[in-house]
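J.: Structure file work22.csv, CSV, N, CA and C atoms, is pasted below:
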chain,number,residue,atom,x,y,z
A,1,MET,N,4.7,-4.3,-11.9
A,1,MET,CA,4.1,-3.2,-11.4
A,1,MET,C,5.1,-2.0,-11.2
A,2,TRP,N,6.3,-2.4,-10.9
A,2,TRP,CA,7.3,-1.4,-10.5
A,2,TRP,C,7.8,-0.6,-11.7
A,3,SER,N,7.8,0.7,-11.5
A,3,SER,CA,8.2,1.6,-12.6
A,3,SER,C,8.7,2.9,-12.1
A,4,GLN,N,9.5,3.6,-12.8
A,4,GLN,CA,9.9,5.0,-12.5
A,4,GLN,C,8.9,6.0,-13.0
A,5,ASP,N,8.0,5.5,-13.9
A,5,ASP,CA,6.9,6.4,-14.5
A,5,ASP,C,5.7,6.5,-13.6
A,6,ARG,N,5.5,7.6,-12.9
A,6,ARG,CA,4.5,7.8,-12.0
A,6,ARG,C,3.1,7.5,-12.5
A,7,ALA,N,2.8,8.0,-13.7
A,7,ALA,CA,1.5,7.7,-14.3
A,7,ALA,C,1.2,6.2,-14.6
A,8,ARG,N,2.3,5.6,-15.1
A,8,ARG,CA,2.1,4.1,-15.3
A,8,ARG,C,1.9,3.3,-14.0
A,9,LEU,N,2.7,3.7,-13.0
A,9,LEU,CA,2.6,3.0,-11.7
A,9,LEU,C,1.2,3.2,-11.1
A,10,ARG,N,0.7,4.4,-11.2
A,10,ARG,CA,-0.6,4.7,-10.6
A,10,ARG,C,-1.7,4.0,-11.5
A,11,GLY,N,-1.4,3.9,-12.7
A,11,GLY,CA,-2.4,3.2,-13.6
A,11,GLY,C,-2.7,1.8,-13.2
A,12,VAL,N,-1.8,1.1,-12.6
A,12,VAL,CA,-2.0,-0.2,-12.1
A,12,VAL,C,-3.1,-0.2,-11.0
A,13,PHE,N,-3.1,0.8,-10.2
A,13,PHE,CA,-4.1,0.9,-9.1
A,13,PHE,C,-5.5,1.1,-9.7
A,14,TYR,N,-5.6,2.0,-10.7
A,14,TYR,CA,-6.9,2.2,-11.4
A,14,TYR,C,-7.4,1.0,-12.1
A,15,THR,N,-6.5,0.3,-12.8
A,15,THR,CA,-6.8,-0.9,-13.6
A,15,THR,C,-7.3,-2.0,-12.7
A,16,ALA,N,-6.6,-2.2,-11.6
A,16,ALA,CA,-7.0,-3.2,-10.6
A,16,ALA,C,-8.4,-3.0,-10.1
A,17,TRP,N,-8.7,-1.7,-9.7
A,17,TRP,CA,-10.0,-1.4,-9.2
A,17,TRP,C,-11.1,-1.5,-10.3
A,18,LYS,N,-10.8,-1.1,-11.5
A,18,LYS,CA,-11.7,-1.3,-12.6
A,18,LYS,C,-12.0,-2.8,-12.9
A,19,HIS,N,-11.0,-3.6,-12.9
A,19,HIS,CA,-11.2,-5.0,-13.1
A,19,HIS,C,-12.1,-5.6,-12.0
A,20,PHE,N,-11.8,-5.2,-10.7
A,20,PHE,CA,-12.7,-5.7,-9.6
A,20,PHE,C,-14.1,-5.3,-9.8
A,21,GLN,N,-14.3,-4.0,-10.1
A,21,GLN,CA,-15.7,-3.5,-10.3
A,21,GLN,C,-16.4,-4.2,-11.4
A,22,ALA,N,-15.7,-4.5,-12.5
A,22,ALA,CA,-16.3,-5.2,-13.6
A,22,ALA,C,-16.3,-6.7,-13.4
A,23,GLN,N,-15.9,-7.2,-12.3
A,23,GLN,CA,-15.8,-8.6,-11.9
A,23,GLN,C,-15.0,-9.4,-12.9
A,24,ALA,N,-14.0,-8.7,-13.4
A,24,ALA,CA,-13.0,-9.3,-14.3
A,24,ALA,C,-11.9,-10.0,-13.5
A,25,PRO,N,-11.2,-11.0,-14.1
A,25,PRO,CA,-10.1,-11.7,-13.4
A,25,PRO,C,-9.0,-10.7,-13.0
A,26,LEU,N,-8.5,-10.9,-11.8
A,26,LEU,CA,-7.4,-10.0,-11.4
A,26,LEU,C,-6.1,-10.7,-11.7
A,27,ALA,N,-5.1,-10.0,-12.1
A,27,ALA,CA,-3.8,-10.5,-12.4
A,27,ALA,C,-2.7,-10.0,-11.5
A,28,GLY,N,-1.8,-10.9,-11.1
A,28,GLY,CA,-0.6,-10.5,-10.3
A,28,GLY,C,-0.9,-9.6,-9.1
A,29,VAL,N,-0.3,-8.5,-9.0
A,29,VAL,CA,-0.5,-7.6,-7.8
A,29,VAL,C,-1.9,-7.0,-7.7
A,30,GLU,N,-2.7,-7.1,-8.7
A,30,GLU,CA,-4.0,-6.6,-8.7
A,30,GLU,C,-4.8,-7.1,-7.5
A,31,THR,N,-4.6,-8.4,-7.2
A,31,THR,CA,-5.3,-9.0,-6.1
A,31,THR,C,-5.0,-8.3,-4.7
A,32,VAL,N,-3.7,-8.0,-4.5
A,32,VAL,CA,-3.3,-7.3,-3.3
A,32,VAL,C,-3.8,-5.9,-3.3
A,33,ILE,N,-3.8,-5.2,-4.4
A,33,ILE,CA,-4.3,-3.9,-4.5
A,33,ILE,C,-5.8,-3.8,-4.1
A,34,VAL,N,-6.5,-4.8,-4.7
A,34,VAL,CA,-8.0,-4.8,-4.4
A,34,VAL,C,-8.2,-5.1,-3.0
A,35,GLU,N,-7.5,-6.1,-2.4
A,35,GLU,CA,-7.7,-6.5,-1.0
A,35,GLU,C,-7.4,-5.2,-0.1
A,36,THR,N,-6.4,-4.5,-0.5
A,36,THR,CA,-6.1,-3.3,0.3
A,36,THR,C,-7.1,-2.2,0.1
A,37,LEU,N,-7.6,-2.0,-1.1
A,37,LEU,CA,-8.7,-1.0,-1.3
A,37,LEU,C,-10.0,-1.4,-0.6
A,38,LEU,N,-10.3,-2.7,-0.5
A,38,LEU,CA,-11.5,-3.2,0.2
A,38,LEU,C,-11.4,-2.8,1.7
A,39,ALA,N,-10.2,-2.8,2.2
A,39,ALA,CA,-9.9,-2.5,3.6
A,39,ALA,C,-9.9,-1.0,3.8
A,40,HIS,N,-9.9,-0.2,2.7
A,40,HIS,CA,-9.9,1.3,2.8
A,40,HIS,C,-11.0,1.9,2.0
A,41,PRO,N,-12.3,1.8,2.4
A,41,PRO,CA,-13.4,2.3,1.7
A,41,PRO,C,-13.3,3.8,1.4
A,42,GLU,N,-12.5,4.5,2.2
A,42,GLU,CA,-12.3,6.0,2.0
A,42,GLU,C,-11.6,6.3,0.7
A,43,TYR,N,-10.9,5.3,0.1
A,43,TYR,CA,-10.2,5.5,-1.2
A,43,TYR,C,-11.0,5.0,-2.4
A,44,GLN,N,-12.0,4.2,-2.2
A,44,GLN,CA,-12.6,3.5,-3.3
A,44,GLN,C,-13.2,4.4,-4.4
A,45,ALA,N,-13.9,5.4,-4.0
A,45,ALA,CA,-14.5,6.4,-4.9
A,45,ALA,C,-13.4,7.1,-5.7
A,46,LEU,N,-12.3,7.4,-5.1
A,46,LEU,CA,-11.2,8.0,-5.8
A,46,LEU,C,-10.7,7.2,-6.9
A,47,PHE,N,-10.6,5.9,-6.7
A,47,PHE,CA,-10.0,5.0,-7.7
A,47,PHE,C,-11.0,4.6,-8.8
A,48,ALA,N,-12.3,4.9,-8.6
A,48,ALA,CA,-13.3,4.7,-9.6
A,48,ALA,C,-13.2,5.8,-10.7
A,49,ARG,N,-12.5,6.9,-10.4
A,49,ARG,CA,-12.2,8.0,-11.3
A,49,ARG,C,-11.0,7.7,-12.1
A,50,GLU,N,-10.7,8.6,-13.0
A,50,GLU,CA,-9.5,8.4,-13.8
A,50,GLU,C,-8.2,9.1,-13.2
A,51,GLU,N,-8.4,10.0,-12.3
A,51,GLU,CA,-7.2,10.6,-11.7
A,51,GLU,C,-7.5,11.0,-10.3
A,52,VAL,N,-6.4,10.7,-9.5
A,52,VAL,CA,-6.5,11.0,-8.0
A,52,VAL,C,-5.3,12.0,-7.8
A,53,THR,N,-5.6,13.0,-7.1
A,53,THR,CA,-4.5,13.9,-6.7
A,53,THR,C,-3.8,13.4,-5.5
A,54,GLU,N,-2.6,14.0,-5.2
A,54,GLU,CA,-1.8,13.5,-4.1
A,54,GLU,C,-2.5,13.3,-2.8
A,55,HIS,N,-3.3,14.3,-2.3
A,55,HIS,CA,-3.8,14.3,-1.0
A,55,HIS,C,-5.3,14.2,-0.9
A,56,GLU,N,-6.0,13.7,-1.9
A,56,GLU,CA,-7.4,13.5,-1.8
A,56,GLU,C,-7.7,12.4,-0.8
A,57,GLY,N,-8.8,12.6,-0.2
A,57,GLY,CA,-9.3,11.5,0.7
A,57,GLY,C,-8.7,11.7,2.1
A,58,GLY,N,-8.1,12.8,2.4
A,58,GLY,CA,-7.5,13.1,3.7
A,58,GLY,C,-6.1,13.5,3.6
A,59,GLU,N,-5.4,13.4,4.8
A,59,GLU,CA,-4.0,13.9,4.8
A,59,GLU,C,-3.1,12.9,4.1
A,60,ASN,N,-3.4,11.7,4.0
A,60,ASN,CA,-2.5,10.7,3.4
A,60,ASN,C,-2.6,10.7,1.9
A,61,ASN,N,-1.4,10.5,1.3
A,61,ASN,CA,-1.4,10.2,-0.1
A,61,ASN,C,-1.9,8.8,-0.3
A,62,PRO,N,-3.0,8.6,-1.0
A,62,PRO,CA,-3.5,7.2,-1.2
A,62,PRO,C,-2.5,6.3,-1.8
A,63,PHE,N,-1.7,6.8,-2.8
A,63,PHE,CA,-0.8,5.9,-3.4
A,63,PHE,C,0.3,5.4,-2.5
A,64,LEU,N,0.8,6.4,-1.7
A,64,LEU,CA,1.8,6.0,-0.7
A,64,LEU,C,1.2,5.0,0.4
A,65,HIS,N,0.0,5.3,0.9
A,65,HIS,CA,-0.6,4.5,1.9
A,65,HIS,C,-0.8,3.1,1.4
A,66,LEU,N,-1.4,3.0,0.2
A,66,LEU,CA,-1.7,1.6,-0.4
A,66,LEU,C,-0.4,0.9,-0.7
A,67,GLY,N,0.6,1.7,-1.2
A,67,GLY,CA,1.9,1.1,-1.5
A,67,GLY,C,2.6,0.6,-0.3
A,68,LEU,N,2.5,1.2,0.8
A,68,LEU,CA,3.1,0.7,2.0
A,68,LEU,C,2.4,-0.6,2.4
A,69,HIS,N,1.1,-0.7,2.3
A,69,HIS,CA,0.4,-1.9,2.6
A,69,HIS,C,1.0,-3.0,1.7
A,70,ILE,N,1.2,-2.8,0.4
A,70,ILE,CA,1.7,-3.7,-0.6
A,70,ILE,C,3.1,-4.1,-0.2
A,71,ALA,N,3.9,-3.1,0.1
A,71,ALA,CA,5.3,-3.4,0.5
A,71,ALA,C,5.4,-4.3,1.7
A,72,LEU,N,4.6,-4.0,2.7
A,72,LEU,CA,4.5,-4.8,3.9
A,72,LEU,C,4.1,-6.3,3.6
A,73,ALA,N,3.0,-6.4,2.8
A,73,ALA,CA,2.6,-7.7,2.4
A,73,ALA,C,3.7,-8.5,1.7
A,74,GLU,N,4.4,-7.9,0.8
A,74,GLU,CA,5.5,-8.6,0.2
A,74,GLU,C,6.6,-9.0,1.2
A,75,GLN,N,6.9,-8.1,2.1
A,75,GLN,CA,7.9,-8.4,3.1
A,75,GLN,C,7.5,-9.6,3.9
A,76,ILE,N,6.3,-9.6,4.3
A,76,ILE,CA,5.8,-10.8,5.1
A,76,ILE,C,5.7,-12.0,4.3
A,77,ALA,N,5.3,-12.0,3.1
A,77,ALA,CA,5.2,-13.1,2.2
A,77,ALA,C,6.6,-13.8,2.0
A,78,THR,N,7.6,-13.0,1.9
A,78,THR,CA,9.0,-13.5,1.6
A,78,THR,C,9.9,-13.5,2.9
A,79,ASP,N,9.4,-13.1,4.0
A,79,ASP,CA,10.2,-13.0,5.2
A,79,ASP,C,11.5,-12.3,5.0
A,80,ARG,N,11.3,-11.1,4.3
A,80,ARG,CA,12.5,-10.3,4.0
A,80,ARG,C,12.1,-8.9,4.5
A,81,PRO,N,12.8,-8.3,5.4
A,81,PRO,CA,14.0,-8.8,6.0
A,81,PRO,C,13.8,-10.0,6.9
A,82,ALA,N,14.8,-10.8,7.0
A,82,ALA,CA,14.6,-12.1,7.8
A,82,ALA,C,14.1,-11.8,9.2
A,83,GLY,N,13.1,-12.5,9.6
A,83,GLY,CA,12.5,-12.4,10.9
A,83,GLY,C,11.3,-11.5,11.0
A,84,ILE,N,10.9,-10.9,9.8
A,84,ILE,CA,9.8,-10.0,9.9
A,84,ILE,C,8.5,-10.7,10.1
A,85,VAL,N,8.4,-12.0,9.7
A,85,VAL,CA,7.2,-12.8,9.9
A,85,VAL,C,6.9,-13.0,11.4
A,86,GLY,N,8.0,-13.3,12.1
A,86,GLY,CA,7.8,-13.4,13.6
A,86,GLY,C,7.4,-12.1,14.2
A,87,GLU,N,8.0,-11.0,13.8
A,87,GLU,CA,7.6,-9.7,14.3
A,87,GLU,C,6.2,-9.4,13.9
A,88,TRP,N,5.8,-9.7,12.7
A,88,TRP,CA,4.4,-9.5,12.2
A,88,TRP,C,3.4,-10.2,13.1
A,89,ARG,N,3.7,-11.4,13.4
A,89,ARG,CA,2.8,-12.2,14.2
A,89,ARG,C,2.7,-11.6,15.6
A,90,ARG,N,3.8,-11.2,16.2
A,90,ARG,CA,3.8,-10.7,17.5
A,90,ARG,C,3.0,-9.4,17.6
A,91,ILE,N,3.2,-8.5,16.6
A,91,ILE,CA,2.5,-7.2,16.6
A,91,ILE,C,1.0,-7.4,16.3
A,92,ARG,N,0.7,-8.3,15.3
A,92,ARG,CA,-0.7,-8.6,15.0
A,92,ARG,C,-1.4,-9.2,16.2
A,93,ASP,N,-0.8,-10.1,17.0
A,93,ASP,CA,-1.4,-10.7,18.1
A,93,ASP,C,-1.6,-9.6,19.2
A,94,ALA,N,-0.6,-8.8,19.4
A,94,ALA,CA,-0.7,-7.7,20.4
A,94,ALA,C,-1.8,-6.7,20.1
A,95,ALA,N,-1.9,-6.4,18.8
A,95,ALA,CA,-2.8,-5.4,18.3
A,95,ALA,C,-4.3,-5.9,18.3
A,96,GLY,N,-4.4,-7.2,18.2
A,96,GLY,CA,-5.7,-7.9,18.1
A,96,GLY,C,-6.5,-7.6,16.9
A,97,ASP,N,-5.8,-7.0,15.9
A,97,ASP,CA,-6.5,-6.7,14.6
A,97,ASP,C,-5.4,-6.6,13.5
A,98,THR,N,-5.7,-7.3,12.5
A,98,THR,CA,-4.7,-7.4,11.4
A,98,THR,C,-4.4,-6.0,10.7
A,99,HIS,N,-5.5,-5.3,10.4
A,99,HIS,CA,-5.3,-4.0,9.8
A,99,HIS,C,-4.6,-3.0,10.7
A,100,ARG,N,-5.0,-3.0,11.9
A,100,ARG,CA,-4.3,-2.1,12.9
A,100,ARG,C,-2.8,-2.4,13.0
A,101,ALA,N,-2.5,-3.7,13.0
A,101,ALA,CA,-1.1,-4.2,13.1
A,101,ALA,C,-0.3,-3.7,11.8
A,102,GLN,N,-1.0,-3.8,10.6
A,102,GLN,CA,-0.4,-3.4,9.4
A,102,GLN,C,0.0,-1.9,9.5
A,103,HIS,N,-0.9,-1.1,10.0
A,103,HIS,CA,-0.7,0.3,10.1
A,103,HIS,C,0.5,0.6,11.1
A,104,MET,N,0.5,-0.2,12.2
A,104,MET,CA,1.6,0.0,13.1
A,104,MET,C,3.0,-0.2,12.5
A,105,MET,N,3.1,-1.3,11.7
A,105,MET,CA,4.3,-1.7,11.0
A,105,MET,C,4.6,-0.7,9.9
A,106,MET,N,3.6,-0.2,9.2
A,106,MET,CA,3.7,0.7,8.1
A,106,MET,C,4.3,2.1,8.6
A,107,THR,N,4.0,2.4,9.8
A,107,THR,CA,4.5,3.7,10.4
A,107,THR,C,6.1,3.6,10.5
A,108,CYS,N,6.5,2.4,10.9
A,108,CYS,CA,8.0,2.2,10.9
A,108,CYS,C,8.6,2.2,9.5
A,109,LEU,N,7.9,1.5,8.6
A,109,LEU,CA,8.4,1.5,7.2
A,109,LEU,C,8.5,2.9,6.6
A,110,GLN,N,7.4,3.7,6.9
A,110,GLN,CA,7.4,5.0,6.4
A,110,GLN,C,8.5,5.9,7.0
A,111,ASP,N,8.8,5.7,8.2
A,111,ASP,CA,9.8,6.5,8.9
A,111,ASP,C,11.2,6.1,8.3
A,112,VAL,N,11.4,4.8,8.0
A,112,VAL,CA,12.7,4.4,7.4
A,112,VAL,C,12.8,5.0,6.0
A,113,LEU,N,11.7,5.0,5.2
A,113,LEU,CA,11.8,5.5,3.9
A,113,LEU,C,12.0,7.0,3.9
A,114,TRP,N,11.3,7.7,4.8
A,114,TRP,CA,11.5,9.2,4.9
A,114,TRP,C,12.9,9.5,5.3
A,115,ALA,N,13.5,8.8,6.3
A,115,ALA,CA,14.9,9.1,6.7
A,115,ALA,C,15.9,8.8,5.5
A,116,ALA,N,15.6,7.7,4.7
A,116,ALA,CA,16.5,7.4,3.6
A,116,ALA,C,16.4,8.6,2.6
A,117,GLN,N,15.2,9.0,2.3
A,117,GLN,CA,15.0,10.1,1.3
A,117,GLN,C,15.6,11.4,1.8
A,118,ALA,N,15.4,11.7,3.1
A,118,ALA,CA,16.0,12.9,3.6
A,118,ALA,C,17.5,12.9,3.6
A,119,GLY,N,18.1,11.7,3.9
A,119,GLY,CA,19.5,11.5,3.9
A,119,GLY,C,20.1,11.2,2.6
A,120,ARG,N,19.3,11.1,1.5
A,120,ARG,CA,19.7,10.7,0.2
A,120,ARG,C,20.6,9.5,0.2
A,121,ARG,N,20.0,8.4,0.8
A,121,ARG,CA,20.7,7.1,0.8
A,121,ARG,C,19.6,6.0,0.7
A,122,ALA,N,20.1,4.8,0.5
A,122,ALA,CA,19.2,3.7,0.4
A,122,ALA,C,18.6,3.4,1.7
A,123,PRO,N,17.3,2.9,1.7
A,123,PRO,CA,16.7,2.5,3.0
A,123,PRO,C,17.5,1.4,3.7
A,124,ASP,N,17.5,1.4,5.0
A,124,ASP,CA,18.3,0.4,5.8
A,124,ASP,C,17.3,0.0,6.9
Taking this structure as input, can you express it in the form of structure tokens?
T.:
Amino acid sequence: MWSQDRARLRGVFYTAWKHFQAQAPLAGVETVIVETLLAHPEYQALFAREEVTEHEGGENNPFLHLGLHIALAEQIATDRPAGIVGEWRRIRDAAGDTHRAQHMMMTCLQDVLWAAQAGRRAPD
């Protein structure tokens, strides 16, 4: 899925949603994309089309928002950085809602990415 080509990367989101809509088998990261889109009905109509602009569907960039969900899911699945699974469980239990807990953690992830980009350095 990972690419420096924006159109190709975004195409993975469109393809995953099309496969889901057609009840076709999902491959690789498509499952995570579809699960995330199912939790975000506000984006579903956008991905049924061929092109989504940066800020359609509200103030959030849908690609960034969904990408943060996917990045967090990968971090939790691999416990990287070490200890994130424990923090995930703590935050999820305190929030009482998995999706809300994801958004709480994604805020932190987004802040780290923004600071790295602003400082022109790798995320830490």
J.: Residues of stretch 33-90 of chain A within 7 Å of stretch 7-25 of chain A: nearest atom pair and distance (Å, one decimal) for each, counting only C-alpha atoms, sorted by chain and number, as CSV?
T.:
residue,atom,partner,partner_atom,distance
A:Ile33,CA,A:Phe13,CA,6.7
A:Val34,CA,A:Trp17,CA,6.2
A:Phe47,CA,A:Tyr14,CA,5.6
A:Ala48,CA,A:Lys18,CA,6.9
J.: Enter the distance from atom CA of A:His69 to atom CA of A:His103, in Å, rounded to one decimal.
T.: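 Straight-line distance from atom CA of A:His69 to atom CA of A:His103 works out to 7.9 Å.
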J.: Enter the distance from atom C of A:Arg6 to atom C of A:Leu26, in Å, rounded to one decimal.
T.: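 Pair atom C of A:Arg6 / atom C of A:Leu26 returns 20.4 Å.
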J.: Among stretch 29-116 of chain A, which ones does DSSP place in alpha helix (DSSP H), written as a ChimeraX atom specification?
T.: /A:30-38,41-47,62-78,84-95,98-116
J.: Which one is closest to A:Gln110: A:Leu68, A:Gly83, A:Arg49, A:Tyr43? Count only N, CA and C atoms.
T.: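 Smallest separation from A:Gln110 among the options: A:Leu68.
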J.: What lies within 7 Å of A:Ile70 using only N, CA and C atoms, ignoring chain neighbours under 4 positions off, as a PyMOL selection string?
T.: chain A and resi 32-33+65-66+74-75
J.: Given the choices A:Ala45, A:Met105, A:Ala122, A:Ile91, which gets closest to A:Ala71 if the distance is worked out from only C-alpha atoms?
T.: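 Selected residue with least distance to A:Ala71: A:Met105.
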J.: Which of these residues is nearest to A:Leu64, using only C-alpha atoms: A:Leu38, A:Pro123, A:Val112, A:Met106?
T.: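 Once distances to A:Leu64 are computed over only C-alpha atoms, the minimum belongs to A:Met106.
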J.: For atom C of A:Glu87 and atom CA of A:Ala115, quote the distance in Å rounded to one decimal.
T.: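 One can read the atom C of A:Glu87 to atom CA of A:Ala115 distance as 21.7 Å.
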J.: Using only C-alpha atoms, find the one residue out of A:Arg80, A:Trp88, A:Pro62, A:Ala116 that sits nearest to A:Met104.
T.: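 Among A:Arg80, A:Trp88, A:Pro62, A:Ala116, it is A:Trp88 that comes nearest to A:Met104.
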